[in-house]
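Coordinates from target-v9.cif are shown below (mmCIF, C-alpha atoms (C1' of nucleotides)).
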data_query
loop_
_atom_site.label_atom_id
_atom_site.label_comp_id
_atom_site.auth_asym_id
_atom_site.auth_seq_id
_atom_site.Cartn_x
_atom_site.Cartn_y
_atom_site.Cartn_z
CA MET V 1342 44.78 -13.30 -16.88
CA ARG V 1343 44.42 -13.66 -13.19
CA VAL V 1344 41.67 -12.10 -11.18
CA ALA V 1345 43.45 -8.85 -10.31
CA GLU V 1346 44.41 -8.28 -13.90
CA LEU V 1347 40.90 -8.83 -15.16
CA ALA V 1348 39.66 -6.53 -12.43
CA GLN V 1349 42.15 -3.92 -13.49
CA VAL V 1350 41.36 -3.93 -17.19
CA ALA V 1351 37.64 -3.94 -16.48
CA GLY V 1352 37.82 -1.24 -13.86
CA VAL V 1353 36.44 -3.12 -10.90
CA SER V 1354 37.98 -4.77 -7.84
CA ALA V 1355 39.10 -8.37 -7.67
CA ASP V 1356 36.50 -8.88 -4.96
CA THR V 1357 33.84 -7.65 -7.31
CA VAL V 1358 34.93 -10.11 -9.99
CA ARG V 1359 34.68 -12.96 -7.52
CA TYR V 1360 31.35 -11.60 -6.35
CA TYR V 1361 30.02 -11.65 -9.91
CA GLU V 1362 31.06 -15.26 -10.17
CA ARG V 1363 29.35 -16.08 -6.89
CA VAL V 1364 26.07 -14.61 -8.02
CA GLY V 1365 26.27 -16.25 -11.42
CA LEU V 1366 27.12 -13.33 -13.70
CA LEU V 1367 30.51 -14.73 -14.58
CA ARG V 1368 30.90 -18.41 -15.19
CA PRO V 1369 33.64 -20.13 -13.21
CA PRO V 1370 36.79 -19.75 -15.29
CA PRO V 1371 39.33 -22.53 -15.78
CA ARG V 1372 41.94 -22.75 -13.07
CA THR V 1373 45.69 -22.97 -13.16
CA ALA V 1374 47.31 -26.04 -11.65
CA SER V 1375 47.49 -24.20 -8.35
CA GLY V 1376 43.86 -23.20 -8.36
CA TYR V 1377 44.13 -19.61 -9.56
CA ARG V 1378 41.34 -18.36 -11.82
CA ALA V 1379 42.57 -17.98 -15.41
CA TYR V 1380 40.46 -15.62 -17.48
CA ASP V 1381 40.54 -14.91 -21.17
CA GLU V 1382 39.52 -11.76 -23.03
CA SER V 1383 35.87 -12.71 -23.17
CA ALA V 1384 35.66 -12.35 -19.40
CA ALA V 1385 36.73 -8.72 -19.67
CA ASP V 1386 34.08 -8.21 -22.30
CA ARG V 1387 31.55 -9.78 -20.03
CA VAL V 1388 32.46 -7.53 -17.14
CA ARG V 1389 32.21 -4.53 -19.42
CA PHE V 1390 28.78 -5.74 -20.49
CA ILE V 1391 27.80 -5.81 -16.83
CA GLN V 1392 29.17 -2.30 -16.30
CA GLY V 1393 27.25 -1.07 -19.31
CA GLY V 1394 24.03 -2.50 -17.96
CA GLN V 1395 24.71 -0.95 -14.59
CA ARG V 1396 25.32 2.46 -16.06
CA LEU V 1397 21.82 2.22 -17.46
CA GLY V 1398 20.47 1.47 -14.03
CA LEU V 1399 19.73 -2.18 -14.67
CA ARG V 1400 19.99 -4.44 -11.69
CA LEU V 1401 22.47 -7.28 -11.66
CA ARG V 1402 19.56 -9.68 -11.82
CA ASP V 1403 18.38 -8.16 -15.10
CA ILE V 1404 21.86 -8.10 -16.51
CA GLY V 1405 22.17 -11.73 -15.55
CA GLU V 1406 19.11 -12.53 -17.59
CA LEU V 1407 20.53 -10.74 -20.60
CA LEU V 1408 23.78 -12.63 -20.19
CA ALA V 1409 21.91 -15.90 -19.87
CA VAL V 1410 20.20 -15.24 -23.18
CA ARG V 1411 23.46 -14.26 -24.76
CA ASP V 1412 25.01 -17.48 -23.50
CA THR V 1413 22.48 -19.49 -25.46
CA GLY V 1414 23.97 -17.91 -28.58
CA VAL V 1415 20.90 -15.79 -29.18
CA CYS V 1416 21.07 -12.04 -29.33
CA PRO V 1417 19.55 -10.54 -26.18
CA CYS V 1418 18.28 -7.55 -28.12
CA GLU V 1419 14.68 -8.44 -27.66
CA PRO V 1420 14.73 -8.89 -23.87
CA ALA V 1421 17.08 -5.92 -23.71
CA GLU V 1422 14.60 -3.80 -25.56
CA GLU V 1423 11.88 -4.77 -23.16
CA LEU V 1424 14.08 -4.13 -20.14
CA LEU V 1425 15.21 -0.80 -21.49
CA THR V 1426 11.70 0.28 -22.35
CA ARG V 1427 10.53 -0.60 -18.88
CA ARG V 1428 13.52 1.15 -17.37
CA LEU V 1429 12.84 4.21 -19.48
CA ALA V 1430 9.35 4.42 -18.04
CA GLU V 1431 10.80 4.18 -14.54
CA LEU V 1432 13.28 6.85 -15.43
CA ASP V 1433 10.55 9.16 -16.65
CA ALA V 1434 8.55 8.59 -13.50
CA GLU V 1435 11.59 9.32 -11.41
CA LEU V 1436 12.41 12.44 -13.38
CA ALA V 1437 8.89 13.73 -12.90
CA ARG V 1438 8.97 12.97 -9.21
CA LEU V 1439 12.31 14.69 -8.73
CA ALA V 1440 11.26 17.71 -10.75
CA ALA V 1441 8.14 18.12 -8.61
CA LEU V 1442 10.21 17.68 -5.49
CA ARG V 1443 12.70 20.24 -6.70
CA ALA V 1444 9.98 22.79 -7.26
CA GLU V 1445 8.57 22.20 -3.82
CA MET V 1446 11.98 22.45 -2.28
CA VAL V 1447 12.73 25.76 -3.93
CA ARG V 1448 9.44 27.11 -2.64
CA MET V 1449 10.30 25.92 0.83
CA ILE V 1450 13.77 27.36 0.84
CA ASP V 1451 12.40 30.69 -0.36
CA ALA V 1452 9.81 30.64 2.36
CA LEU V 1453 12.35 30.04 5.09
CA PRO V 1454 12.71 33.38 6.85
CA SER V 1455 15.81 32.13 8.67
CA PRO V 1456 15.90 35.09 11.00
CA ASP V 1457 13.23 35.06 13.69
CA CYS V 1458 11.16 32.08 12.74
CA PRO V 1459 8.64 31.20 15.39
CA PRO V 1460 9.50 28.82 18.20
CA PRO V 1461 8.43 25.21 17.91
CA GLU V 1462 4.70 25.36 17.66
CA PRO V 1463 3.64 21.79 17.55
CA GLY V 1464 1.68 20.83 14.47
CA THR V 1465 3.33 22.89 11.82
CA TRP V 1466 6.92 23.25 10.84
CA CYS V 1467 9.75 23.77 8.45
CA PRO V 1468 10.17 20.45 6.67
CA PRO V 1469 6.68 19.13 5.98
CA GLY V 1470 5.27 19.98 2.58
CA THR V 1471 2.07 20.95 4.32
CA ASP V 1472 4.04 23.79 5.84
CA ALA V 1473 5.11 25.46 2.66
CA GLU V 1474 2.19 27.85 3.02
CA ARG V 1475 3.33 29.01 6.47
CA ARG V 1476 5.65 32.00 6.26
CA MET D 1011 -2.77 6.66 22.34
CA ARG D 1012 -1.16 3.31 22.07
CA VAL D 1013 1.37 2.45 19.46
CA ALA D 1014 -1.02 1.09 16.83
CA GLU D 1015 -3.21 4.12 17.11
CA LEU D 1016 -0.34 6.52 16.70
CA ALA D 1017 0.85 4.47 13.77
CA GLN D 1018 -2.57 4.63 12.24
CA VAL D 1019 -3.08 8.37 12.54
CA ALA D 1020 0.43 9.02 11.25
CA GLY D 1021 0.19 6.56 8.41
CA VAL D 1022 3.02 4.23 9.33
CA SER D 1023 3.19 0.81 10.92
CA ALA D 1024 3.50 0.15 14.65
CA ASP D 1025 6.84 -1.49 13.92
CA THR D 1026 7.99 1.68 12.27
CA VAL D 1027 7.03 3.75 15.30
CA ARG D 1028 9.03 1.46 17.56
CA TYR D 1029 11.86 1.56 15.06
CA TYR D 1030 11.91 5.36 15.19
CA GLU D 1031 12.16 5.14 18.94
CA ARG D 1032 15.00 2.65 18.70
CA VAL D 1033 17.03 4.89 16.47
CA GLY D 1034 16.31 7.94 18.55
CA LEU D 1035 13.85 9.87 16.40
CA LEU D 1036 11.04 9.47 18.91
CA ARG D 1037 11.76 9.80 22.56
CA PRO D 1038 10.57 6.96 24.77
CA PRO D 1039 6.98 7.80 25.71
CA PRO D 1040 5.53 7.28 29.15
CA ARG D 1041 4.16 3.83 29.79
CA THR D 1042 0.89 2.58 31.19
CA ALA D 1043 1.00 0.49 34.35
CA SER D 1044 1.27 -2.60 32.20
CA GLY D 1045 4.15 -1.26 30.16
CA TYR D 1046 2.30 -0.13 27.04
CA ARG D 1047 3.59 2.98 25.31
CA ALA D 1048 1.24 5.92 25.85
CA TYR D 1049 1.62 8.68 23.28
CA ASP D 1050 0.11 12.11 23.15
CA GLU D 1051 -0.66 14.29 20.14
CA SER D 1052 2.83 15.68 19.90
CA ALA D 1053 4.11 12.25 18.97
CA ALA D 1054 1.84 12.21 15.92
CA ASP D 1055 3.17 15.63 14.99
CA ARG D 1056 6.69 14.33 15.34
CA VAL D 1057 6.02 11.36 13.12
CA ARG D 1058 4.50 13.67 10.55
CA PHE D 1059 7.58 15.84 10.75
CA ILE D 1060 9.64 12.75 10.00
CA GLN D 1061 7.41 11.86 7.06
CA GLY D 1062 7.76 15.37 5.71
CA GLY D 1063 11.51 15.19 5.86
CA GLN D 1064 11.45 11.83 4.15
CA ARG D 1065 9.28 13.10 1.34
CA LEU D 1066 12.01 15.61 0.66
CA GLY D 1067 14.56 12.86 0.47
CA LEU D 1068 16.25 13.63 3.75
CA ARG D 1069 17.76 10.71 5.56
CA LEU D 1070 16.52 9.75 9.00
CA ARG D 1071 19.86 10.86 10.38
CA ASP D 1072 19.34 14.39 9.04
CA ILE D 1073 15.79 14.49 10.26
CA GLY D 1074 17.04 13.40 13.64
CA GLU D 1075 19.39 16.37 13.73
CA LEU D 1076 16.55 18.73 12.90
CA LEU D 1077 14.45 17.17 15.62
CA ALA D 1078 17.31 17.44 18.07
CA VAL D 1079 17.53 21.15 17.39
CA ARG D 1080 13.78 21.51 17.71
CA ASP D 1081 13.93 19.70 21.03
CA THR D 1082 16.19 22.39 22.41
CA GLY D 1083 13.34 24.80 21.79
CA VAL D 1084 15.12 26.50 18.92
CA CYS D 1085 13.67 26.63 15.45
CA PRO D 1086 15.55 24.27 13.16
CA CYS D 1087 15.06 26.60 10.21
CA GLU D 1088 18.70 27.39 9.89
CA PRO D 1089 20.02 23.83 9.81
CA ALA D 1090 16.99 22.92 7.72
CA GLU D 1091 17.90 25.55 5.21
CA GLU D 1092 21.41 24.22 4.94
CA LEU D 1093 20.19 20.66 4.61
CA LEU D 1094 17.65 21.62 2.02
CA THR D 1095 20.13 23.62 0.03
CA ARG D 1096 22.55 20.75 0.01
CA ARG D 1097 19.78 18.34 -0.90
CA LEU D 1098 18.69 20.65 -3.71
CA ALA D 1099 22.16 20.47 -5.19
CA GLU D 1100 22.06 16.69 -4.98
CA LEU D 1101 18.68 16.73 -6.60
CA ASP D 1102 19.93 18.86 -9.46
CA ALA D 1103 22.88 16.57 -9.99
CA GLU D 1104 20.59 13.57 -10.00
CA LEU D 1105 18.19 15.23 -12.40
CA ALA D 1106 21.03 16.01 -14.79
CA ARG D 1107 22.36 12.47 -14.55
CA LEU D 1108 18.95 10.95 -15.21
CA ALA D 1109 18.24 13.27 -18.09
CA ALA D 1110 21.53 12.32 -19.75
CA LEU D 1111 20.80 8.67 -19.11
CA ARG D 1112 17.37 9.03 -20.57
CA ALA D 1113 18.73 10.53 -23.75
CA GLU D 1114 21.25 7.76 -24.10
CA MET D 1115 18.61 5.16 -23.47
CA VAL D 1116 16.32 6.54 -26.12
CA ARG D 1117 19.16 6.47 -28.60
CA MET D 1118 19.89 2.88 -27.68
CA ILE D 1119 16.31 1.75 -27.96
CA ASP D 1120 16.00 3.41 -31.34
CA ALA D 1121 19.16 1.71 -32.49
CA LEU D 1122 17.94 -1.72 -31.47
CA PRO D 1123 16.96 -3.41 -34.72
CA SER D 1124 15.16 -6.17 -32.82
CA PRO D 1125 14.72 -8.31 -35.91
CA ASP D 1126 17.89 -10.02 -37.08
CA CYS D 1127 20.50 -8.48 -34.89
CA PRO D 1128 23.85 -10.17 -35.26
CA PRO D 1129 24.78 -13.15 -33.11
CA PRO D 1130 26.91 -12.56 -30.02
CA GLU D 1131 30.09 -11.12 -31.36
CA PRO D 1132 32.28 -10.80 -28.36
CA GLY D 1133 33.43 -7.31 -27.64
CA THR D 1134 30.47 -5.26 -28.63
CA TRP D 1135 26.86 -5.47 -27.68
CA CYS D 1136 23.42 -4.19 -26.96
CA PRO D 1137 23.59 -2.69 -23.47
CA PRO D 1138 26.95 -0.93 -23.23
CA GLY D 1139 26.89 2.77 -24.01
CA THR D 1140 30.00 2.15 -26.07
CA ASP D 1141 27.80 0.10 -28.35
CA ALA D 1142 25.33 2.75 -29.24
CA GLU D 1143 27.32 3.39 -32.40
CA ARG D 1144 27.00 -0.24 -33.53
CA ARG D 1145 24.56 -0.84 -36.40
"C1'" DC K 1403 -14.10 -17.37 31.61
"C1'" DT K 1404 -12.34 -17.49 27.23
"C1'" DA K 1405 -10.83 -16.04 22.87
"C1'" DA K 1406 -9.26 -12.53 20.06
"C1'" DA K 1407 -6.74 -8.68 19.58
"C1'" DC K 1408 -3.64 -5.98 21.38
"C1'" DC K 1409 1.05 -5.05 23.66
"C1'" DT K 1410 6.22 -6.10 25.15
"C1'" DT K 1411 11.31 -7.42 23.99
"C1'" DG K 1412 15.65 -8.41 21.54
"C1'" DG K 1413 17.12 -10.07 17.52
"C1'" DA K 1414 17.06 -11.64 12.79
"C1'" DG K 1415 16.13 -10.81 7.89
"C1'" DC K 1416 15.45 -8.16 3.51
"C1'" DA K 1417 17.11 -5.68 -0.69
"C1'" DC K 1418 21.36 -4.22 -3.15
"C1'" DA K 1419 26.02 -4.48 -4.61
"C1'" DC K 1420 29.62 -4.87 -2.86
"C1'" DT K 1421 33.77 -4.96 0.64
"C1'" DC K 1422 36.66 -6.91 3.96
"C1'" DC K 1423 38.54 -10.62 6.66
"C1'" DA K 1424 41.60 -14.54 8.31
"C1'" DA K 1425 44.12 -18.40 7.36
"C1'" DA K 1426 46.38 -20.74 4.21
"C1'" DG K 1427 48.64 -21.66 -0.32
"C1'" DT K 1428 51.59 -19.90 -4.58
"C1'" DC K 1429 54.67 -17.35 -7.31
"C1'" DA K 1430 58.51 -14.18 -8.84
"C1'" DA K 1431 62.40 -11.34 -7.70
"C1'" DG K 1432 66.66 -10.80 -5.38
"C1'" DC R 650 65.78 -19.28 0.60
"C1'" DT R 651 63.35 -15.48 1.97
"C1'" DT R 652 60.34 -11.81 1.24
"C1'" DG R 653 56.46 -9.74 -0.45
"C1'" DA R 654 52.81 -9.69 -3.55
"C1'" DC R 655 49.66 -12.41 -5.22
"C1'" DT R 656 45.88 -16.16 -4.80
"C1'" DT R 657 42.19 -19.25 -2.48
"C1'" DT R 658 37.82 -20.00 0.59
"C1'" DG R 659 33.54 -19.20 3.24
"C1'" DG R 660 31.59 -16.02 5.90
"C1'" DA R 661 30.62 -11.65 7.96
"C1'" DG R 662 29.92 -6.66 7.63
"C1'" DT R 663 28.27 -2.14 5.28
"C1'" DG R 664 24.24 1.31 4.77
"C1'" DT R 665 19.21 2.36 4.68
"C1'" DG R 666 14.70 1.88 6.54
"C1'" DC R 667 12.17 -0.89 7.73
"C1'" DT R 668 9.64 -5.67 8.59
"C1'" DC R 669 8.87 -9.86 10.84
"C1'" DC R 670 9.45 -13.15 14.49
"C1'" DA R 671 8.66 -15.90 18.89
"C1'" DA R 672 7.38 -16.09 23.40
"C1'" DG R 673 5.15 -14.07 26.64
"C1'" DG R 674 1.88 -10.48 29.10
"C1'" DT R 675 -2.68 -7.42 28.81
"C1'" DT R 676 -7.02 -5.89 27.56
"C1'" DT R 677 -11.62 -6.15 25.82
"C1'" DA R 678 -15.82 -8.16 23.91
"C1'" DG R 679 -19.08 -11.69 24.29
#

Could the structure of this file be written out as structure tokens, please?
Amino acid sequence: MRVAELAQVAGVSADTVRYYERVGLLRPPPRTASGYRAYDESAADRVRFIQGGQRLGLRLRDIGELLAVRDTGVCPCEPAEELLTRRLAELDAELARLAALRAEMVRMIDALPSPDCPPPEPGTWCPPGTDAERR
Amino acid sequence: MRVAELAQVAGVSADTVRYYERVGLLRPPPRTASGYRAYDESAADRVRFIQGGQRLGLRLRDIGELLAVRDTGVCPCEPAEELLTRRLAELDAELARLAALRAEMVRMIDALPSPDCPPPEPGTWCPPGTDAERR
DNA sequence: CTAAACCTTGGAGCACACTCCAAAGTCAAG
DNA sequence: CTTGACTTTGGAGTGTGCTCCAAGGTTTAG
């Protein structure tokens, strides 16, 4: 498998594959006589592992750590569990933040009279949250 | 008001104030004889407007457009309403995405045996969503 | 008068995950 | 043998919103 083929089966670009190698997520594959990268199936698996981690919102750095553990022959379940638990907490915080924001936004949109709102009085205005009580 | 003072009352850094000027969110203020920026109260209001927009997740570019409208003396309510409505849709999409992700993550964490999980079999593994059915 | 604390500028750097480039080499089809 | 599609490399650029820097000028307190 050459780089474009790996990229294709894994659903990323060839540039991305090379990028992953640069940052240490993929180990340098063997090369053909002419210097082309020659991947085997495990590389595709590895890229899919990376994609899976990304879908969960893990950063490449974290995924790299999981891969490093896996490369020692040990199951990365334990660090993965910790990462995922931490990420879940982040996710919950983010969900709460967005939900609060959404509520505020709905209030603001409702409060927007649209016709004949007052000319720019300095100090108070449409966007700021502190303005929601205008109207 | 000099730059640090404006920064202080508005809750940002002096660098940030200068940055806003650079990117066109704050108009260049008058200068003292020695070249120091001299702000009046309206600048603080403007920075607060920016902060308000940011809290809602608007990008500086969007906030700049609102400010540009406001600078013409017209109320930016109408463009604001459009922006906010669009942003609300984004927010809803993001909320849905995160909620789905959260559910998947909980399933994955539950499925993690932690003790004695199998050694790295290539092809299937902890992180990928496609692995949730392992075990 | 001096020292500290401010101010000025243009430009670089950060985080993140790519994405694109030019210049050169390689490979397969026709 | 030529053409076109691939490959290689290091390095630069993208977007977002800052943040920090050096080298110099200004202001203020003691």

Starting from the shown file, work through the PyMOL selection byres ((chain K) within 10 of (chain V)) and note down what comes out as a ChimeraX atom specification. /K:1418-1422,1427-1429

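The spacing separating atom CA of V:Pro1420 from atom CA of V:Ala1437 amounts to 25.8 Å.
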
Chain R contacts to chain V at 9 Å (all atoms listed in the file) as a PDB file with C-alpha atoms (C1' of nucleotides), keeping the file's coordinate frame:
ATOM      1  C1'  DC R 655      49.660 -12.410  -5.220  1.00  0.00           C
ATOM      2  C1'  DT R 656      45.880 -16.160  -4.800  1.00  0.00           C
ATOM      3  C1'  DT R 657      42.190 -19.250  -2.480  1.00  0.00           C
TER       4       DT R 657
END

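For the residues R:DG674, R:DG679, R:DG664, R:DG653, ranking by smallest atom-to-atom distance to K:DT1411 using only C-alpha atoms (C1' of nucleotides) places R:DG674 first.
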
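With all atoms listed in the file as the atoms that count, the residue of K:DA1424, K:DC1403, K:DC1409, K:DA1430 with the shortest distance to R:DG673 is K:DC1409.
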
Quick one: which residues end up in the PyMOL selection byres ((chain K and resi 1412) around 12) for this structure, as a ChimeraX atom specification? /D:1032 /K:1410-1411,1413-1414 /R:670-672

Starting from the incomplete input, reconstruct all heavy atoms of stretch 1364-1375 of chain V and write that as a compact mmCIF listing (two decimals), in the frame of the given file.
# COMPACT_ATOMS: atom_id res chain seq x y z
N VAL V 1364 27.49 -14.80 -7.75
CA VAL V 1364 26.07 -14.61 -8.02
C VAL V 1364 25.68 -15.05 -9.43
O VAL V 1364 24.55 -14.83 -9.85
CB VAL V 1364 25.64 -13.15 -7.77
CG1 VAL V 1364 25.87 -12.79 -6.31
CG2 VAL V 1364 26.37 -12.19 -8.70
N GLY V 1365 26.64 -15.64 -10.14
CA GLY V 1365 26.27 -16.25 -11.42
C GLY V 1365 26.36 -15.36 -12.64
O GLY V 1365 25.89 -15.72 -13.71
N LEU V 1366 26.98 -14.19 -12.52
CA LEU V 1366 27.12 -13.33 -13.70
C LEU V 1366 28.33 -13.73 -14.52
O LEU V 1366 28.33 -13.57 -15.74
CB LEU V 1366 27.25 -11.86 -13.27
CG LEU V 1366 26.00 -11.25 -12.64
CD1 LEU V 1366 26.26 -9.81 -12.26
CD2 LEU V 1366 24.84 -11.35 -13.60
N LEU V 1367 29.34 -14.22 -13.87
CA LEU V 1367 30.51 -14.73 -14.58
C LEU V 1367 30.55 -16.23 -14.34
O LEU V 1367 30.34 -16.68 -13.21
CB LEU V 1367 31.79 -14.10 -14.02
CG LEU V 1367 31.97 -12.60 -14.21
CD1 LEU V 1367 33.28 -12.14 -13.61
CD2 LEU V 1367 31.89 -12.24 -15.68
N ARG V 1368 30.79 -16.97 -15.40
CA ARG V 1368 30.90 -18.41 -15.19
C ARG V 1368 32.26 -18.72 -14.62
O ARG V 1368 33.24 -18.01 -14.91
CB ARG V 1368 30.69 -19.13 -16.52
CG ARG V 1368 29.19 -19.30 -16.82
CD ARG V 1368 28.94 -19.31 -18.26
NE ARG V 1368 29.81 -18.35 -18.95
CZ ARG V 1368 29.94 -18.32 -20.26
NH1 ARG V 1368 29.29 -19.16 -21.00
NH2 ARG V 1368 30.72 -17.41 -20.81
N PRO V 1369 32.35 -19.76 -13.81
CA PRO V 1369 33.64 -20.13 -13.21
C PRO V 1369 34.67 -20.35 -14.31
O PRO V 1369 34.43 -21.14 -15.23
CB PRO V 1369 33.33 -21.44 -12.50
CG PRO V 1369 31.87 -21.39 -12.22
CD PRO V 1369 31.27 -20.63 -13.37
N PRO V 1370 35.76 -19.63 -14.25
CA PRO V 1370 36.79 -19.75 -15.29
C PRO V 1370 37.62 -21.01 -15.02
O PRO V 1370 37.56 -21.56 -13.92
CB PRO V 1370 37.64 -18.51 -15.07
CG PRO V 1370 37.56 -18.26 -13.61
CD PRO V 1370 36.17 -18.69 -13.19
N PRO V 1371 38.38 -21.45 -16.03
CA PRO V 1371 39.33 -22.53 -15.78
C PRO V 1371 40.34 -22.09 -14.73
O PRO V 1371 40.53 -20.88 -14.50
CB PRO V 1371 39.98 -22.74 -17.15
CG PRO V 1371 39.61 -21.57 -17.98
CD PRO V 1371 38.37 -21.00 -17.41
N ARG V 1372 40.97 -23.06 -14.12
CA ARG V 1372 41.94 -22.75 -13.07
C ARG V 1372 43.33 -23.21 -13.48
O ARG V 1372 43.48 -24.19 -14.21
CB ARG V 1372 41.55 -23.48 -11.77
CG ARG V 1372 40.19 -23.15 -11.21
CD ARG V 1372 40.11 -21.69 -10.81
NE ARG V 1372 38.82 -21.38 -10.18
CZ ARG V 1372 38.68 -21.10 -8.88
NH1 ARG V 1372 39.72 -21.06 -8.09
NH2 ARG V 1372 37.48 -20.82 -8.39
N THR V 1373 44.31 -22.52 -12.96
CA THR V 1373 45.69 -22.97 -13.16
C THR V 1373 45.89 -24.20 -12.28
O THR V 1373 45.01 -24.53 -11.46
CB THR V 1373 46.70 -21.90 -12.73
OG1 THR V 1373 46.57 -21.71 -11.32
CG2 THR V 1373 46.44 -20.58 -13.44
N ALA V 1374 47.04 -24.85 -12.43
CA ALA V 1374 47.31 -26.04 -11.65
C ALA V 1374 47.17 -25.76 -10.16
O ALA V 1374 46.73 -26.60 -9.37
CB ALA V 1374 48.72 -26.55 -11.95
N SER V 1375 47.52 -24.52 -9.77
CA SER V 1375 47.49 -24.20 -8.35
C SER V 1375 46.15 -23.62 -7.90
O SER V 1375 46.02 -23.18 -6.77
CB SER V 1375 48.61 -23.22 -8.05
OG SER V 1375 48.51 -22.11 -8.91
